[in-house]
Amino acid sequence: MNNPLADRIRPAELSDVVGQRHLLEPGKALYNMIENGEVPNLIFYGPSGVGKTTVASIIANKTKRTLRKLNGTNASTKDIREIVDELDTFAAPNGILLYLDEIQYFNKRQQQSLLEYIENGKITLIASTTENPYFYVYSAILSRCTVFEFKSVESRDIEEAVRRGFDFLSKENDIKIEYGDDVVKRIAVGCGGDVRKALNSVENCYFAAVVKDNVKQITLETAQELTQKSSMRYDRDGDEHYDILSAYQKSMRGSDADAALHYLARLLEAGDLPGACRRLMVCACEDVGLAYPQIIPIVKSAVDAAMMVGLPEARIPLADAVILVATSPKSNSGEMAIDAALADVRKGNIGPIPRNLQNKHFDGEDAEVKGQHYIYPHDYPNNWTYQQYLPDKIKNAKYYNYGSNKNEQAFKAYWERIKNNEKNNNR
């Protein structure tokens, strides 16, 4: 069986790599390193299918070093020792370039086993990871490497790879392939910035194409069928998952309904209904809060409806709720207040509960004041009168500050009027 198309047409020159202009244009640091043949230890960070392995292969060719590949998901320390045994032999006269894919799956001991050899230059390490290397790569390795971030490839750049793939298959199989610009655009857009995925779609379209008069005819319908729902990059344990959720919530907080709907769409297209609902509820409470307190049961009802009907209909109540949250006035005064109270409690600022607030129980003989002496607010005008509620130790603590929105300012004015009236009446 042939290797995948992406491997068969892997570029051998930097000029043939699609995308990554910020790294591979002439004059850029990585480009100059590769062209000069002097490459330090590197970490390539970015999503799959964007050229990390391809660039590592080009580097190996440029530097005349023996290329060895390991994958962190299945390699072991024994595999590293076997590579080390090749050093200073005819198998690797100029040293070894080790391409370690998915380095985040190597444990600390496995990563440490490379240190001696990357320090003395006998092994040049190029590690790749789809996760943030500053979280997943051992610090001693990280400090000896230069990190380059690879980006998702723009669809306009992927179109070049798609055409190249069809041309390669045509020559490889000695058959004419007919396809339109709409097919190329559909595949390029549908791969979510992943060149490998695009080339897989090209090959699948070739296999599924109808042959007429010794011509493979690839239709838009075929391309749509074979690339549907492939545009989402979404690993629920990866950075992309949390990036989308973060952008979704921050867009609502920032009152940008269009952006919030965009990220909601990405969550729903990936099938993450629970994540979309949870962040929506959090945002209603945290970011709108007391500026429009009625929003909390409204959003809860929308979330309940979404979970009840499921996708695709769930998109409707969620869209309504997301727009409502994004366009509502904002206040985080409730969150700030509870966080301030929690900080006091965690510092031990608690003290005994005032006697007038305790549950009714027997006073001991040592009690200086007998009786509970609780004042029932409803016995007084406006259902309020002064009494101490906080423990003596923090009786003057203040956690809640009214937000500047109309709703909280109305509450503030109401209570200032009532409390000032009571002070005046008691003078």
# chains A, B, ... in the order shown; residues from 1 in each chain; ligands from 1

$ select_by_dssp --residues "segment 158-388 of chain A" --states "strand (DSSP E)" --output "PyMOL selection string"
chain A and resi 176-178+210-212+215-217

$ write_last_selection --atoms "all heavy atoms" --output "PDB file, in the first residue's frame"
ATOM      1  N   LYS A 176      -5.987  11.631 -16.538  1.00  0.00           N
ATOM      2  CA  LYS A 176      -6.369  13.039 -16.426  1.00  0.00           C
ATOM      3  C   LYS A 176      -7.396  13.205 -15.320  1.00  0.00           C
ATOM      4  O   LYS A 176      -8.296  12.373 -15.165  1.00  0.00           O
ATOM      5  CB  LYS A 176      -6.942  13.538 -17.751  1.00  0.00           C
ATOM      6  CG  LYS A 176      -7.254  15.027 -17.760  1.00  0.00           C
ATOM      7  CD  LYS A 176      -7.761  15.474 -19.118  1.00  0.00           C
ATOM      8  CE  LYS A 176      -8.070  16.968 -19.102  1.00  0.00           C
ATOM      9  NZ  LYS A 176      -8.591  17.448 -20.409  1.00  0.00           N
ATOM     10  N   ILE A 177      -7.238  14.263 -14.548  1.00  0.00           N
ATOM     11  CA  ILE A 177      -8.188  14.567 -13.473  1.00  0.00           C
ATOM     12  C   ILE A 177      -8.802  15.932 -13.750  1.00  0.00           C
ATOM     13  O   ILE A 177      -8.083  16.917 -13.944  1.00  0.00           O
ATOM     14  CB  ILE A 177      -7.502  14.581 -12.085  1.00  0.00           C
ATOM     15  CG1 ILE A 177      -6.821  13.243 -11.804  1.00  0.00           C
ATOM     16  CG2 ILE A 177      -8.507  14.912 -10.992  1.00  0.00           C
ATOM     17  CD1 ILE A 177      -6.030  13.215 -10.516  1.00  0.00           C
ATOM     18  N   GLU A 178     -10.110  15.980 -13.759  1.00  0.00           N
ATOM     19  CA  GLU A 178     -10.814  17.242 -13.955  1.00  0.00           C
ATOM     20  C   GLU A 178     -11.453  17.683 -12.642  1.00  0.00           C
ATOM     21  O   GLU A 178     -12.120  16.890 -11.972  1.00  0.00           O
ATOM     22  CB  GLU A 178     -11.900  17.091 -15.035  1.00  0.00           C
ATOM     23  CG  GLU A 178     -11.351  16.988 -16.441  1.00  0.00           C
ATOM     24  CD  GLU A 178     -12.458  16.986 -17.496  1.00  0.00           C
ATOM     25  OE1 GLU A 178     -13.646  16.912 -17.093  1.00  0.00           O
ATOM     26  OE2 GLU A 178     -12.146  17.041 -18.688  1.00  0.00           O
ATOM     27  N   VAL A 210     -15.735   9.592 -10.298  1.00  0.00           N
ATOM     28  CA  VAL A 210     -16.278   8.810 -11.409  1.00  0.00           C
ATOM     29  C   VAL A 210     -15.347   8.950 -12.620  1.00  0.00           C
ATOM     30  O   VAL A 210     -14.885  10.051 -12.935  1.00  0.00           O
ATOM     31  CB  VAL A 210     -17.694   9.298 -11.771  1.00  0.00           C
ATOM     32  CG1 VAL A 210     -18.208   8.567 -13.016  1.00  0.00           C
ATOM     33  CG2 VAL A 210     -18.642   9.090 -10.596  1.00  0.00           C
ATOM     34  N   VAL A 211     -15.056   7.828 -13.290  1.00  0.00           N
ATOM     35  CA  VAL A 211     -14.218   7.843 -14.490  1.00  0.00           C
ATOM     36  C   VAL A 211     -15.119   7.868 -15.722  1.00  0.00           C
ATOM     37  O   VAL A 211     -15.998   7.018 -15.884  1.00  0.00           O
ATOM     38  CB  VAL A 211     -13.295   6.615 -14.554  1.00  0.00           C
ATOM     39  CG1 VAL A 211     -12.446   6.647 -15.839  1.00  0.00           C
ATOM     40  CG2 VAL A 211     -12.402   6.547 -13.341  1.00  0.00           C
ATOM     41  N   LYS A 212     -14.917   8.869 -16.560  1.00  0.00           N
ATOM     42  CA  LYS A 212     -15.690   8.998 -17.793  1.00  0.00           C
ATOM     43  C   LYS A 212     -14.729   9.359 -18.927  1.00  0.00           C
ATOM     44  O   LYS A 212     -14.021  10.366 -18.835  1.00  0.00           O
ATOM     45  CB  LYS A 212     -16.760  10.076 -17.630  1.00  0.00           C
ATOM     46  CG  LYS A 212     -17.721  10.157 -18.804  1.00  0.00           C
ATOM     47  CD  LYS A 212     -18.818  11.178 -18.525  1.00  0.00           C
ATOM     48  CE  LYS A 212     -19.799  11.254 -19.697  1.00  0.00           C
ATOM     49  NZ  LYS A 212     -20.886  12.253 -19.421  1.00  0.00           N
ATOM     50  N   VAL A 215     -11.214   9.852 -17.864  1.00  0.00           N
ATOM     51  CA  VAL A 215     -10.959  11.082 -17.113  1.00  0.00           C
ATOM     52  C   VAL A 215     -11.618  10.952 -15.746  1.00  0.00           C
ATOM     53  O   VAL A 215     -12.792  10.580 -15.645  1.00  0.00           O
ATOM     54  CB  VAL A 215     -11.520  12.318 -17.846  1.00  0.00           C
ATOM     55  CG1 VAL A 215     -11.359  13.569 -16.974  1.00  0.00           C
ATOM     56  CG2 VAL A 215     -10.818  12.504 -19.174  1.00  0.00           C
ATOM     57  N   LYS A 216     -10.860  11.219 -14.698  1.00  0.00           N
ATOM     58  CA  LYS A 216     -11.421  11.257 -13.335  1.00  0.00           C
ATOM     59  C   LYS A 216     -12.097  12.608 -13.140  1.00  0.00           C
ATOM     60  O   LYS A 216     -11.433  13.646 -13.165  1.00  0.00           O
ATOM     61  CB  LYS A 216     -10.311  11.092 -12.293  1.00  0.00           C
ATOM     62  CG  LYS A 216      -9.799   9.674 -12.143  1.00  0.00           C
ATOM     63  CD  LYS A 216     -10.497   8.970 -10.992  1.00  0.00           C
ATOM     64  CE  LYS A 216      -9.838   7.639 -10.670  1.00  0.00           C
ATOM     65  NZ  LYS A 216     -10.512   6.965  -9.535  1.00  0.00           N
ATOM     66  N   GLN A 217     -13.390  12.592 -12.947  1.00  0.00           N
ATOM     67  CA  GLN A 217     -14.137  13.833 -12.788  1.00  0.00           C
ATOM     68  C   GLN A 217     -14.516  14.007 -11.318  1.00  0.00           C
ATOM     69  O   GLN A 217     -15.293  13.224 -10.764  1.00  0.00           O
ATOM     70  CB  GLN A 217     -15.393  13.814 -13.665  1.00  0.00           C
ATOM     71  CG  GLN A 217     -15.071  13.758 -15.152  1.00  0.00           C
ATOM     72  CD  GLN A 217     -16.311  13.758 -16.017  1.00  0.00           C
ATOM     73  OE1 GLN A 217     -17.387  13.345 -15.584  1.00  0.00           O
ATOM     74  NE2 GLN A 217     -16.174  14.226 -17.257  1.00  0.00           N
TER      75      GLN A 217
END

$ select_by_dssp --residues "segment 220-334 of chain A" --states "alpha helix (DSSP H)" --output "NGL selection string"
:A and (220-227 or 239-253 or 257-269 or 273-283 or 295-309 or 315-327 or 333-334)

$ closest_atom_pairs --of "segment 29-108 of chain A" --to "segment 238-256 of chain A" --cutoff "12 Å" --atoms "only C-alpha atoms" --output "tab-separated table"
residue	atom	partner	partner_atom	distance
A:Tyr45	CA	A:Asp239	CA	11.5
A:Gly46	CA	A:Asp239	CA	10.1
A:Pro47	CA	A:Glu240	CA	9.0
A:Ser48	CA	A:Glu240	CA	11.8
A:Gln104	CA	A:Gly238	CA	11.5

$ closest_residue --among "A:Glu269, A:Glu159, A:Glu416, A:Glu286" --to "Gly180 of chain A" --atoms "only C-alpha atoms"
A:Glu159

$ closest_residue --among "A:Ser143, A:Asn32, A:Asn356, A:Asn349" --to "Tyr389 of chain A" --atoms "only C-alpha atoms"
A:Asn356

$ atom_distance --atom1 "atom CA of Ala341 of chain A" --atom2 "atom CA of Tyr402 of chain A"
15.2 Å
